[in-house]
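Everything on this sheet refers to the single structure shown next.
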Amino acid sequence: MRVIDLGWPIQNGMIVFPGDREPSVELKTTVEADGFRSSMLHTSTHTGTHMDAPAHMVADGKFMDELPNETFFGFAQVIDARACAGRKIEVADIKKSVDDVRNVDFLLFDTGWNEKWGKEEYLYDFPILSEDAAKWIAAQQLKGIGFDTISIDPVDSMDNPIHKIIFAKNMVVIENLRNLEKVGEKPFCFVALPISLKHQDGGPTRAMAVLD
């Protein structure tokens, strides 16, 4: 078995969505002084590699803890969207990577933007889905989608139409993924477990690809 970590660890000074506060990870006790090590974490529910629940942007949308447990496990297919820089991702681009989505639960988009992680340019001009492509995905009975970008809408979007199209089908959105180029072209076992909170609009998520 080979397992690839698809997420970024939370750490001080990491890049965040414009307007969000940076996370704070503070060492509170040490083994030497206290007999045990513990840390204090202050963070937004949408920091680093994280999952958005429909409640993130839909007034009556489901919170994460209202979604079935099966939502967080399934088979995923990586969509090669690296050629889409400077334009929107269309249905035809998706179909170049996968002809039939009936055997997968998640579509994960490799735009190559993870290579800009930590730089100001990571926050802007990344490829997003066209509304037609988002509507096509929403009609496919998937559990969710994921991107190696800070958002699936532009950071200055006021209406966030792509999020809302996806959320209307009770799908989840995973953002700030990485290492998608390492999993190959075939469907694979995908696990994405957000931190567990009550009435959770989103949460930092451990995302893993489990390969043969």
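Here, A, B, ... name the chains of the structure tokens in the order displayed, residue numbers run from 1 inside each chain, and ligands are numbered from 1 in the same displayed order.
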* Write out as JSON, numbers by chain the residues lying within 10 Å of region 114-128 of chain A, counting only C-alpha atoms and excluding same-chain residues fewer than 6 positions away. => {"A": [8, 13, 14, 15, 16, 17, 18, 81, 82, 83, 84, 85, 86, 87, 88, 89, 90, 134, 147, 148, 149, 150, 151, 152, 153, 154, 155, 156, 162, 176, 177, 178, 179, 180]}
Please produce an output containing C-alpha atoms for each residue in the selection, written as an mmCIF file, in the first residue's frame.
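Generated output (result_6.cif):
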```cif
data_model
loop_
_atom_site.group_PDB
_atom_site.id
_atom_site.type_symbol
_atom_site.label_atom_id
_atom_site.label_comp_id
_atom_site.auth_asym_id
_atom_site.auth_seq_id
_atom_site.Cartn_x
_atom_site.Cartn_y
_atom_site.Cartn_z
ATOM 1 C CA TRP A 8 -0.729 21.200 3.654
ATOM 2 C CA GLY A 13 2.903 32.299 8.917
ATOM 3 C CA MET A 14 1.119 30.191 6.298
ATOM 4 C CA ILE A 15 -0.820 31.757 3.460
ATOM 5 C CA VAL A 16 -4.538 32.336 4.092
ATOM 6 C CA PHE A 17 -7.549 33.636 2.213
ATOM 7 C CA PRO A 18 -7.358 37.446 1.956
ATOM 8 C CA ALA A 81 -6.389 21.179 -15.652
ATOM 9 C CA ARG A 82 -2.852 22.524 -15.962
ATOM 10 C CA ALA A 83 -3.555 23.712 -19.496
ATOM 11 C CA CYS A 84 -6.407 25.886 -18.246
ATOM 12 C CA ALA A 85 -4.279 28.673 -16.759
ATOM 13 C CA GLY A 86 -5.695 32.007 -17.854
ATOM 14 C CA ARG A 87 -9.149 30.662 -18.652
ATOM 15 C CA LYS A 88 -12.046 28.736 -17.151
ATOM 16 C CA ILE A 89 -12.216 24.959 -16.974
ATOM 17 C CA GLU A 90 -14.884 23.625 -19.315
ATOM 18 C CA ALA A 134 -20.025 23.349 -12.439
ATOM 19 C CA PHE A 147 -8.850 21.965 -6.071
ATOM 20 C CA ASP A 148 -5.196 22.807 -5.471
ATOM 21 C CA THR A 149 -6.201 26.479 -5.207
ATOM 22 C CA ILE A 150 -7.337 28.794 -2.396
ATOM 23 C CA SER A 151 -10.942 28.779 -3.660
ATOM 24 C CA ILE A 152 -13.203 27.518 -6.449
ATOM 25 C CA ASP A 153 -14.382 31.100 -7.069
ATOM 26 C CA PRO A 154 -12.141 34.139 -7.543
ATOM 27 C CA VAL A 155 -11.050 35.619 -4.205
ATOM 28 C CA ASP A 156 -12.850 38.885 -5.029
ATOM 29 C CA ILE A 162 -19.465 28.051 -8.385
ATOM 30 C CA ASN A 176 -5.726 23.972 -1.011
ATOM 31 C CA LEU A 177 -4.861 20.419 -2.021
ATOM 32 C CA ARG A 178 -1.386 19.423 -3.174
ATOM 33 C CA ASN A 179 0.511 16.463 -4.685
ATOM 34 C CA LEU A 180 -2.319 15.656 -7.112
#
```
* Counting only C-alpha atoms, what is within 12 Å of Leu27 (chain A), bar same-chain residues fewer than 2 positions away, as a VMD selection string? -> chain A and resid 11 to 12 24 to 25 29 to 31 33 to 34 36 to 42
* Asked: With only C-alpha atoms as the atoms that count, which of A:Ile195, A:Ala53, A:Pro204, A:Thr43 lies nearest to Arg21 (chain A)?
  ->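 Of all the options, A:Thr43 lies closest to Arg21 (chain A).
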* To do: DSSP on the backbone, then: every residue of chain A marked helix (DSSP H, G or I), written as a count of residues only.
  => 48
* Asked: Using only C-alpha atoms, which residue out of A:Met208, A:Leu67, A:Leu142, A:Ile10 lies closest to Val104 (chain A)?
  ->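 For Val104 (chain A), the nearest of the given residues is A:Leu142.
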* To do: Pick out the residues sitting within 9 Å of Pro194 (chain A), and hand them over as JSON, numbers by chain; count only C-alpha atoms, and ignore anything fewer than 2 positions along from it in its own chain.
  => {"A": [50, 51, 64, 72, 192, 196, 197, 202, 203, 204, 205, 206, 207]}
* Pick out each residue of region 27-202 of chain A that DSSP on the backbone tags as strand (DSSP E or B); I need them as number ranges by chain. => A: 27-29, 38-42, 50-52, 73-80, 89, 106-110, 129, 144-147, 172-175, 177, 188-194, 202
File dump, residues just selected, C-alpha atoms, as a PDB file, in the first residue's frame:
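See out.pdb below for the written result:
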```pdb
ATOM      1  CA  LEU A  27       3.521  25.524  22.397  1.00  0.00           C
ATOM      2  CA  LYS A  28       1.868  25.533  25.843  1.00  0.00           C
ATOM      3  CA  THR A  29       3.660  22.778  27.746  1.00  0.00           C
ATOM      4  CA  SER A  38       0.618  20.285  24.280  1.00  0.00           C
ATOM      5  CA  SER A  39      -0.107  23.184  21.940  1.00  0.00           C
ATOM      6  CA  MET A  40      -2.798  25.827  21.541  1.00  0.00           C
ATOM      7  CA  LEU A  41      -4.276  26.243  18.052  1.00  0.00           C
ATOM      8  CA  HIS A  42      -6.224  29.299  16.894  1.00  0.00           C
ATOM      9  CA  HIS A  50      -9.872  22.365   4.301  1.00  0.00           C
ATOM     10  CA  MET A  51     -13.359  21.224   3.430  1.00  0.00           C
ATOM     11  CA  ASP A  52     -16.369  23.491   2.895  1.00  0.00           C
ATOM     12  CA  PHE A  73     -14.655   8.408   1.788  1.00  0.00           C
ATOM     13  CA  GLY A  74     -14.778   7.231  -1.800  1.00  0.00           C
ATOM     14  CA  PHE A  75     -12.995   6.934  -5.102  1.00  0.00           C
ATOM     15  CA  ALA A  76     -11.465  10.004  -6.709  1.00  0.00           C
ATOM     16  CA  GLN A  77     -10.226  10.912 -10.150  1.00  0.00           C
ATOM     17  CA  VAL A  78      -7.659  13.633 -10.789  1.00  0.00           C
ATOM     18  CA  ILE A  79      -8.538  16.014 -13.610  1.00  0.00           C
ATOM     19  CA  ASP A  80      -5.515  17.473 -15.394  1.00  0.00           C
ATOM     20  CA  ILE A  89     -12.216  24.959 -16.974  1.00  0.00           C
ATOM     21  CA  PHE A 106     -14.808  12.978  -6.182  1.00  0.00           C
ATOM     22  CA  LEU A 107     -13.197  14.973  -8.964  1.00  0.00           C
ATOM     23  CA  LEU A 108      -9.901  16.582  -7.883  1.00  0.00           C
ATOM     24  CA  PHE A 109      -8.506  19.306 -10.141  1.00  0.00           C
ATOM     25  CA  ASP A 110      -4.767  19.550 -10.667  1.00  0.00           C
ATOM     26  CA  LEU A 129     -14.815  26.034 -13.349  1.00  0.00           C
ATOM     27  CA  GLY A 144     -17.563  16.501  -3.793  1.00  0.00           C
ATOM     28  CA  ILE A 145     -14.823  18.241  -5.716  1.00  0.00           C
ATOM     29  CA  GLY A 146     -11.342  19.401  -4.776  1.00  0.00           C
ATOM     30  CA  PHE A 147      -8.850  21.965  -6.071  1.00  0.00           C
ATOM     31  CA  VAL A 172     -18.510  19.293  -0.347  1.00  0.00           C
ATOM     32  CA  VAL A 173     -15.619  21.383  -1.618  1.00  0.00           C
ATOM     33  CA  ILE A 174     -11.984  20.720  -0.686  1.00  0.00           C
ATOM     34  CA  GLU A 175      -9.505  23.542  -1.252  1.00  0.00           C
ATOM     35  CA  LEU A 177      -4.861  20.419  -2.021  1.00  0.00           C
ATOM     36  CA  PHE A 188      -7.995   5.803  -6.413  1.00  0.00           C
ATOM     37  CA  CYS A 189      -9.270   5.430  -2.867  1.00  0.00           C
ATOM     38  CA  PHE A 190      -9.659   8.896  -1.353  1.00  0.00           C
ATOM     39  CA  VAL A 191     -10.095   9.842   2.297  1.00  0.00           C
ATOM     40  CA  ALA A 192     -10.825  13.426   3.376  1.00  0.00           C
ATOM     41  CA  LEU A 193     -11.593  13.831   7.075  1.00  0.00           C
ATOM     42  CA  PRO A 194     -12.291  17.340   8.400  1.00  0.00           C
ATOM     43  CA  GLY A 202     -15.940  23.812   7.266  1.00  0.00           C
TER      44      GLY A 202
END
```
* **Which of A:Glu131, A:Met1, A:Ser97, A:Glu32 sits closest to Val210 (chain A) [using only C-alpha atoms]** => A:Met1
* Pick from A:Val58, A:Val183, A:Ala133, A:Ile166 nearest to Asp201 (chain A), counting only C-alpha atoms ->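 Under the stated criterion, the closest residue is A:Val58.
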* Structure fact -> Using only C-alpha atoms, the residue out of A:Gln140, A:Thr111, A:Ser130, A:Gln200 with shortest distance to His46 (chain A) is A:Gln200
* For Gly184 (chain A), which residue among A:Ile4, A:His163, A:Trp113, A:Met171 is the nearest when counting only C-alpha atoms? ->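 Between A:Ile4, A:His163, A:Trp113, A:Met171, the residue approaching Gly184 (chain A) most closely is A:Ile4.
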